[in-house]
Every structure is written in C-alpha cells, then in structure tokens.
Amino acid sequence: MDAEAAVRLVDVRKRFRLAHHPVNTLKGALAGFLRRRYEDLWALKGVTLSVCRGETVAVVGRNGSGKSTLLGLLGRVYLPTSGVVEVRGRVAALLELGAGFHPDLTGEQNVLLNGVILGMRERDVRQSLDSIIEFAELERFRDAPLRSYSAGMVMRLGFSVAVHTRPDILLVDEVLAVGDEAFQQKCLRKIREFQNEGKTIIFVSHDPDSVRGVATRCVWLDDGLVKEDGGVDDVLGHYLQAMRG
Amino acid sequence: MIEDLKELWRYRDLVRSLVLRDLAVRYKNSVLGFFWSLANPLVQVATITIVFKYVLNIGIPNYSAYVLCAFLPWMFFQMTLSDAGESVLRHLDLLKKVYFPREALPISVALANLVHLLLALAVFFVYLLALGVAVEPGWMVLPLALGLQLALNLGLAFFVSALSVFYEDIRYIVGVGTSLFFYFCPVIYLSEQILVSGKIPAGLRERIWEVYHWNPMATFLEWYRQLLLPRFVGKGIDDVPLAAHHLLIAAAVSLGTLVAGYAFFNNRKWLFAERP
C-alpha cells in the first residue's frame, strides 16, 4: 500500500446468502441441511480500487450494484468473502444517522453513548458535547428524551456526532438526499470543510448535482464490478447516458 | 484472540456506557427510578423468608438466609443467560451500520447483571444484620467467587448470544434449560442433603456427591454460603467444608467456558450483520 493511499481494495468479492425459507430456527436449519435452499448472491464480484488521501470519490450505480456493500466493507461492518480490504485511518460512516440511539435517553445521553459506539473515548465525547449539540441546533432539547424529537432532529444529531469523531475517512450513504434544504446545505459545508482539511470522502449518491458539486472522482459500479473509474464529468456522463438509454 | 482483546480494550468506554445505559434505561420511566433495582431483591428476600421461615421450616435456624445466599447468585446466572439471548439480536440494526467489537454486547449484559447482584447483596447484608446473623470474615474472598462465577456466566453468555442470532430457538431452550438446571443446583436445598439422604443407597452417595460437583454452579453456591454465613446446625445435617478439588474443577470449568465461549463468539461475530 503506497504512502498516499487511504483505501485499497484488491479483487474484493462479497457473497451474501439469500435464503428462501426461514433459516433462523433449528427447524429451518434442519430443513436447509436436508435440502440446501440458499441462493448465493454476489454483491461484489472482484473490485479493485485505490483511493488516495484527500480524494472525494462519488460511487454511482443502479440499485443492487453493490454500492452499499462497498461502503459496508470499508466501514468494517462486513468481512470480504475473498480479496483484500485495507483502510488506513479512522473511519466514520454516515450510513444511517442515529443508528444506536435509544428513545428513552435524553439527547445528551444519546450523544455520549453514540460517540463511544463510534469509537471515541468518553472524555473526548464529553469535551465535544457542547459543540455537537450546538452544531445540531438542539440546545433547547438537550435534556429531552429522544422520543420527543422529530425525525429531522434525530438525523441532525446523528450527523453531528459522526462528524465530530474526527475521522480521516468519511463514508456517506445517501444522507445528503434527506433532510430539509438548510440541513443539506449545512452537510455540504461540513463536507467542504473536510475536503479542505485533506480528508478522504467516499460517498454514494443518486443525485447528479451533488456528485458534480462535491466529488473529485467518480466510480461507476455495475453488477458488482467497477464499470468505469475516472473524472466526474466523463463517468457521470456515461452513467447517466446508460440510465436513460 | 489477543488482537480481539486489544481492540476490546480500546473500546472499554463502550462497555461501560452500555452497562450504564442498561441500568439507566431499565427504570427510567418509573416514578421510583433506581429504587426499583433495590425493590426487586427486597421482594425476593421477603418472599423467600416467608416461605422458608414459616411454611417450609426444615429445622435449620435462619434457613431463609441460606436459601437467599444461593438464590441471589443464582439469579445472576439465570438473568445473564436470558438477557444474553437478546443482547446481539436486539442490536442487529446497529450491527449492520456501525463497526465496534461485537463482544461488548454480551459483556455489558453480564456486567449489568453483576451490578444487580451487588445491589442485592447489599440488601442481603442489611437483612442478615436484622436477623442477627453475623457475616463471616470469608466475605473478603467474595470478589474471587464473584469473579469466577462471572467467568462462567460470561462464557455461557458468549455461546447463547452468538447462537441466538442464527437460531432463535436457543432462547427458549435456554429458558427451559435453566429452569431445569435450577434443581441441579443447591438453591432451595443444601447440597449436604445428598450425603444424608435415606433414599440414596449409602454406597452411591459419595459417588453422586462427586458427580454433583462437576457442576461449577453447585460449587459456587455452596461456596457463597460458606463464605458469608456461619456453619448451620440442623437435624442430622452437617455442612461439609468445600473440597479443594471441587473448587479447582469449578474454576477450571468456568475459565475454560470463558475462553471457549469467547473463541466461539469471535469466530462468528462478523457474520451477525449478514444474518440471512
């Protein structure tokens, strides 16, 4: 792995097992043992990709092309079935904001818990507590249980915690597409800030405008393989053309 | 396994936060709040006292104290296993989104239940004071006993939590299994009763006594009684000091279970998120 690479994948394949009967019971396991009724689903079929520090890579592709699996592998949620995944630096995954929040805990307690789930030391979360809540614009709701938050507020809080974990590599899955205009602008500003600090960003998006606006490189995934990898205008142009045609 | 332990150590704040969350959430929406965690052992102490002091009096003074002294650690065992069945399953959504050492979940469940046991033991000590039963100096060895039982509980919790992800039946099997296992542990009886039972042929008693102590929980519960309470004087029953080799068996089985359980869990922990 050369010095500048933040992420390197070599011939990465990922298989999921799709079951056509209930397998999460002993009865199902027994039935499956007698008659194997799995379907192998290859989400990635040999992806080789290298991302340098400071790059912002947009991953495009139709549904089911393996984009989320790719982010899952980089976020270490899955292990590859074969191949090598190397990630250098601290990763923050904005895959689903607010995963791990508890409705009965207050906003502040949730921030503390979510911060340590994302791998921070507790004293570091405490130190950033004020700025996390301020960034989410939730000072008034700090001591209210999460149950009383709106969906947008939960999302703001989740985004705020994730960006405060001081990541080297940011994985973003479609979060830019949700939230109101003001929040989207805020996310974009934060992402620009990360870019200026030389951090690596890999994001999945279906929105051509945000790809053009943010990305420095574009990777087109098709059916578990890299179909095209290069400049934003070229790759995005070809991708959109293929989608229309 | 060393690498896994190092990573777990890096995430030690997570384990602590999960334990605190468990304790905070459990009684969050109730008026009495944290006092419920004291109320539960209080009710248990009261019920067992009434049943064993006034109804099922077998002629040993303060018998209820001997029952409780085993019952509270038994609850620690039972609750840890039943909570472990849900520990990973309940967080499946989180597992699909975020990386963290998965073992933090069953570990936090075992530790939260240890905290409940410590609270219950505090109530128990007050109760002994009220009964006028002197607490034996053996309580200083209590951390060792608790540590070994924690090893056993946690080892089993690793197996139960990992298996429950793939076989939901495990939780029911564990439920039925522990309620049967209850009778193989000296909770409502004294293990010494095996040695004086008229129903067991005299030649077999010693052998059964030995086999009985292959179960580490039997040894632990006996040990708690001997550490905390004075020798009991009853009709024809004498307490038998804990044999060193029984203690060694219990320690070896517990630590072995812990290592095997952790290895078993680690082999499967990155498949949890892919559960079909």
# chains A, B, ... in the order shown; residues from 1 in each chain; ligands from 1
$ residues_around --residues "stretch 146-150 of chain A" --least-positions-apart "2" --cutoff "9 Å" --atoms "only C-alpha atoms" --output "ChimeraX atom specification"
/A:101-107,110,141,143-144,152-155
$ write_last_selection --atoms "C-alpha atoms" --output "compact mmCIF listing (two decimals), in the first residue's frame"
# COMPACT_ATOMS: atom_id res chain seq x y z
CA PHE A 101 -29.84 5.94 19.56
CA HIS A 102 -32.14 4.98 22.38
CA PRO A 103 -35.59 6.64 22.55
CA ASP A 104 -35.69 6.73 26.36
CA LEU A 105 -32.38 8.52 26.80
CA THR A 106 -32.00 12.28 26.51
CA GLY A 107 -30.24 13.91 23.58
CA ASN A 110 -27.52 9.59 23.39
CA PHE A 141 -33.78 19.75 23.53
CA ASP A 143 -32.32 17.17 28.22
CA ALA A 144 -35.44 15.93 26.44
CA GLY A 152 -35.13 15.56 11.25
CA MET A 153 -33.80 16.39 14.70
CA VAL A 154 -32.61 12.81 15.23
CA MET A 155 -30.84 12.95 11.88
$ closest_atom_pairs --of "chain B" --to "chain A" --cutoff "9 Å" --atoms "only C-alpha atoms" --output "tab-separated table"
residue	atom	partner	partner_atom	distance
B:Arg10	CA	A:Gly119	CA	8.1
B:Tyr11	CA	A:Gly119	CA	6.4
B:Arg12	CA	A:Arg121	CA	8.4
B:Asp13	CA	A:Glu122	CA	6.0
B:Leu14	CA	A:Val116	CA	5.2
B:Val15	CA	A:Val116	CA	8.9
B:Ser17	CA	A:Leu113	CA	6.1
B:Leu18	CA	A:Leu113	CA	7.5
B:Arg21	CA	A:Leu113	CA	8.0
B:Ala24	CA	A:Leu105	CA	8.3
B:Val25	CA	A:Asp104	CA	6.7
B:Lys28	CA	A:Asp104	CA	7.3
B:Asn29	CA	A:Asp104	CA	8.0
B:His91	CA	A:Gly100	CA	7.8
B:Asp93	CA	A:Ala99	CA	7.3
B:Leu94	CA	A:Ala99	CA	5.4
B:Leu95	CA	A:Val77	CA	7.0
B:Lys96	CA	A:Val77	CA	6.2
B:Lys97	CA	A:Leu95	CA	6.2
B:Val98	CA	A:Val77	CA	6.2
B:Tyr99	CA	A:Val77	CA	5.3
B:Phe100	CA	A:Ile117	CA	6.6
B:Ser164	CA	A:Asn24	CA	8.5
B:Val165	CA	A:Asn24	CA	7.4
B:Phe166	CA	A:Asn24	CA	4.9
B:Tyr167	CA	A:Thr25	CA	4.4
B:Glu168	CA	A:Thr25	CA	5.3
B:Asp169	CA	A:Thr25	CA	5.7
B:Ile170	CA	A:Thr25	CA	8.4
B:Trp270	CA	A:Tyr78	CA	6.3
B:Leu271	CA	A:Tyr78	CA	7.4
B:Ala273	CA	A:Val77	CA	7.0
B:Glu274	CA	A:Phe16	CA	7.0
B:Arg275	CA	A:Asn24	CA	8.2
B:Pro276	CA	A:Leu18	CA	6.0
$ write_last_selection --atoms "N, CA and C atoms" --output "compact mmCIF listing (two decimals), in the first residue's frame"
# COMPACT_ATOMS: atom_id res chain seq x y z
N ARG B 10 -9.53 -1.06 23.58
CA ARG B 10 -9.68 0.28 23.01
C ARG B 10 -11.11 0.79 23.15
N TYR B 11 -12.06 -0.14 23.17
CA TYR B 11 -13.47 0.22 23.24
C TYR B 11 -14.02 0.05 24.66
N ARG B 12 -13.14 0.11 25.67
CA ARG B 12 -13.61 -0.17 27.03
C ARG B 12 -14.68 0.83 27.48
N ASP B 13 -14.58 2.08 26.98
CA ASP B 13 -15.61 3.06 27.35
C ASP B 13 -16.98 2.65 26.83
N LEU B 14 -17.00 1.93 25.71
CA LEU B 14 -18.27 1.48 25.15
C LEU B 14 -18.93 0.49 26.10
N VAL B 15 -18.13 -0.46 26.62
CA VAL B 15 -18.69 -1.46 27.54
C VAL B 15 -19.28 -0.75 28.76
N SER B 17 -20.33 2.37 28.98
CA SER B 17 -21.53 3.13 28.63
C SER B 17 -22.73 2.22 28.44
N LEU B 18 -22.51 1.03 27.86
CA LEU B 18 -23.62 0.11 27.65
C LEU B 18 -24.17 -0.38 28.99
N ARG B 21 -26.09 2.46 30.45
CA ARG B 21 -27.34 2.64 29.74
C ARG B 21 -28.35 1.60 30.19
N ALA B 24 -29.63 2.60 33.46
CA ALA B 24 -30.43 3.83 33.41
C ALA B 24 -31.77 3.58 32.75
N VAL B 25 -31.75 2.81 31.65
CA VAL B 25 -32.98 2.65 30.87
C VAL B 25 -33.98 1.75 31.58
N LYS B 28 -35.98 3.88 33.90
CA LYS B 28 -36.04 5.29 33.53
C LYS B 28 -37.44 5.89 33.68
N ASN B 29 -38.43 5.15 33.23
CA ASN B 29 -39.76 5.75 33.14
C ASN B 29 -40.62 5.46 34.36
N HIS B 91 -29.67 -5.61 18.79
CA HIS B 91 -28.86 -4.56 18.18
C HIS B 91 -28.50 -4.85 16.73
N ASP B 93 -29.78 -4.06 13.94
CA ASP B 93 -29.78 -2.90 13.05
C ASP B 93 -28.50 -2.10 13.18
N LEU B 94 -28.08 -1.93 14.43
CA LEU B 94 -26.85 -1.18 14.69
C LEU B 94 -25.64 -1.90 14.10
N LEU B 95 -25.64 -3.24 14.24
CA LEU B 95 -24.53 -4.04 13.73
C LEU B 95 -24.38 -3.91 12.23
N LYS B 96 -25.50 -3.65 11.56
CA LYS B 96 -25.43 -3.54 10.10
C LYS B 96 -24.90 -2.20 9.65
N LYS B 97 -24.78 -1.26 10.59
CA LYS B 97 -24.35 0.08 10.22
C LYS B 97 -22.98 0.46 10.77
N VAL B 98 -22.68 -0.01 11.95
CA VAL B 98 -21.51 0.53 12.65
C VAL B 98 -20.56 -0.58 13.08
N TYR B 99 -19.28 -0.31 12.90
CA TYR B 99 -18.25 -1.22 13.40
C TYR B 99 -18.02 -0.97 14.89
N PHE B 100 -18.00 -2.00 15.68
CA PHE B 100 -17.46 -1.94 17.04
C PHE B 100 -17.28 -3.39 17.47
N SER B 164 -28.03 -17.42 19.38
CA SER B 164 -29.39 -16.87 19.23
C SER B 164 -29.55 -16.10 17.94
N VAL B 165 -28.44 -15.55 17.43
CA VAL B 165 -28.54 -14.78 16.19
C VAL B 165 -28.98 -15.70 15.05
N PHE B 166 -28.46 -16.91 15.06
CA PHE B 166 -28.74 -17.81 13.94
C PHE B 166 -29.88 -18.77 14.22
N TYR B 167 -30.10 -19.09 15.49
CA TYR B 167 -31.21 -19.99 15.84
C TYR B 167 -32.04 -19.34 16.94
N GLU B 168 -33.20 -18.85 16.57
CA GLU B 168 -33.98 -18.14 17.57
C GLU B 168 -34.53 -19.07 18.64
N ASP B 169 -34.52 -20.39 18.35
CA ASP B 169 -34.99 -21.36 19.34
C ASP B 169 -34.12 -21.36 20.59
N ILE B 170 -32.84 -20.93 20.41
CA ILE B 170 -31.90 -21.04 21.52
C ILE B 170 -32.44 -20.36 22.77
N TRP B 270 -18.50 -11.53 12.96
CA TRP B 270 -18.63 -10.69 11.76
C TRP B 270 -19.67 -11.23 10.79
N LEU B 271 -20.31 -12.33 11.17
CA LEU B 271 -21.40 -12.85 10.35
C LEU B 271 -22.76 -12.38 10.85
N ALA B 273 -24.02 -9.47 11.15
CA ALA B 273 -24.63 -8.43 10.31
C ALA B 273 -25.17 -9.01 9.00
N GLU B 274 -24.73 -10.23 8.66
CA GLU B 274 -25.15 -10.83 7.38
C GLU B 274 -26.25 -11.85 7.57
N ARG B 275 -26.80 -11.91 8.76
CA ARG B 275 -27.83 -12.92 9.02
C ARG B 275 -28.85 -12.90 7.90
N PRO B 276 -29.07 -14.05 7.24
CA PRO B 276 -29.99 -14.03 6.10
C PRO B 276 -31.44 -13.77 6.56
$ closest_residue --among "A:Val47, A:Val235, A:Glu108, A:Ala151" --to "A:Glu139" --atoms "only C-alpha atoms"
A:Glu108
$ closest_residue --among "A:Arg126, A:Arg212, A:Lys45, A:Lys199" --to "A:Val161" --atoms "only C-alpha atoms"
A:Arg126
$ residues_around --residues "B:Ala263" --least-positions-apart "3" --cutoff "12 Å" --atoms "only C-alpha atoms" --output "list in words"
Met1, Ile2, Asp4, Leu5, Glu103, Gly155, Leu156, Phe158, Phe159, Ala162, Gly256, Thr257, Leu258, Val259, Ala260, Asn266, Asn267, Arg268 and Lys269 of chain B
$ write_last_selection --atoms "C-alpha atoms" --output "mmCIF file, in the first residue's frame"
data_model
loop_
_atom_site.group_PDB
_atom_site.id
_atom_site.type_symbol
_atom_site.label_atom_id
_atom_site.label_comp_id
_atom_site.auth_asym_id
_atom_site.auth_seq_id
_atom_site.Cartn_x
_atom_site.Cartn_y
_atom_site.Cartn_z
ATOM 1 C CA MET B 1 -7.782 -13.645 20.190
ATOM 2 C CA ILE B 2 -5.078 -11.291 21.534
ATOM 3 C CA ASP B 4 -9.583 -9.035 19.628
ATOM 4 C CA LEU B 5 -8.807 -8.353 23.275
ATOM 5 C CA GLU B 103 -18.458 -8.805 22.251
ATOM 6 C CA GLY B 155 -18.561 -17.733 28.819
ATOM 7 C CA LEU B 156 -22.081 -19.143 28.525
ATOM 8 C CA PHE B 158 -20.997 -15.695 24.584
ATOM 9 C CA PHE B 159 -22.369 -19.027 23.369
ATOM 10 C CA ALA B 162 -23.943 -15.850 19.236
ATOM 11 C CA GLY B 256 -12.452 -22.895 30.187
ATOM 12 C CA THR B 257 -16.023 -21.900 29.344
ATOM 13 C CA LEU B 258 -14.979 -18.259 29.181
ATOM 14 C CA VAL B 259 -12.124 -18.923 26.749
ATOM 15 C CA ALA B 260 -14.145 -21.351 24.628
ATOM 16 C CA ASN B 266 -15.220 -14.291 17.801
ATOM 17 C CA ASN B 267 -15.452 -16.874 15.035
ATOM 18 C CA ARG B 268 -18.968 -15.779 14.253
ATOM 19 C CA LYS B 269 -19.180 -12.140 15.248
#
$ residues_around --residues "B:Thr219" --least-positions-apart "3" --cutoff "7 Å" --atoms "only C-alpha atoms" --output "MDAnalysis selection string"
chainID B and resid 213 215:216 222:223 246:247 250
$ atom_distance --atom1 "atom CA of A:Leu188" --atom2 "atom CA of A:Gly213"
9.3 Å
$ select_by_dssp --residues "stretch 73-123 of chain A" --states "strand (DSSP E or B)" --output "list in words"
Ser82, Gly83, Val84, Val85, Glu86, Val87, Val91, Ala92, Ala93, Leu94 and Thr106 of chain A
$ select_by_dssp --residues "stretch 9-258 of chain B" --states "alpha helix (DSSP H)" --output "VMD selection string"
chain B and resid 9 to 10 12 to 26 35 to 49 63 to 87 92 to 95 104 to 131 142 to 166 169 to 181 193 to 196 202 to 212 216 to 228 244 to 258
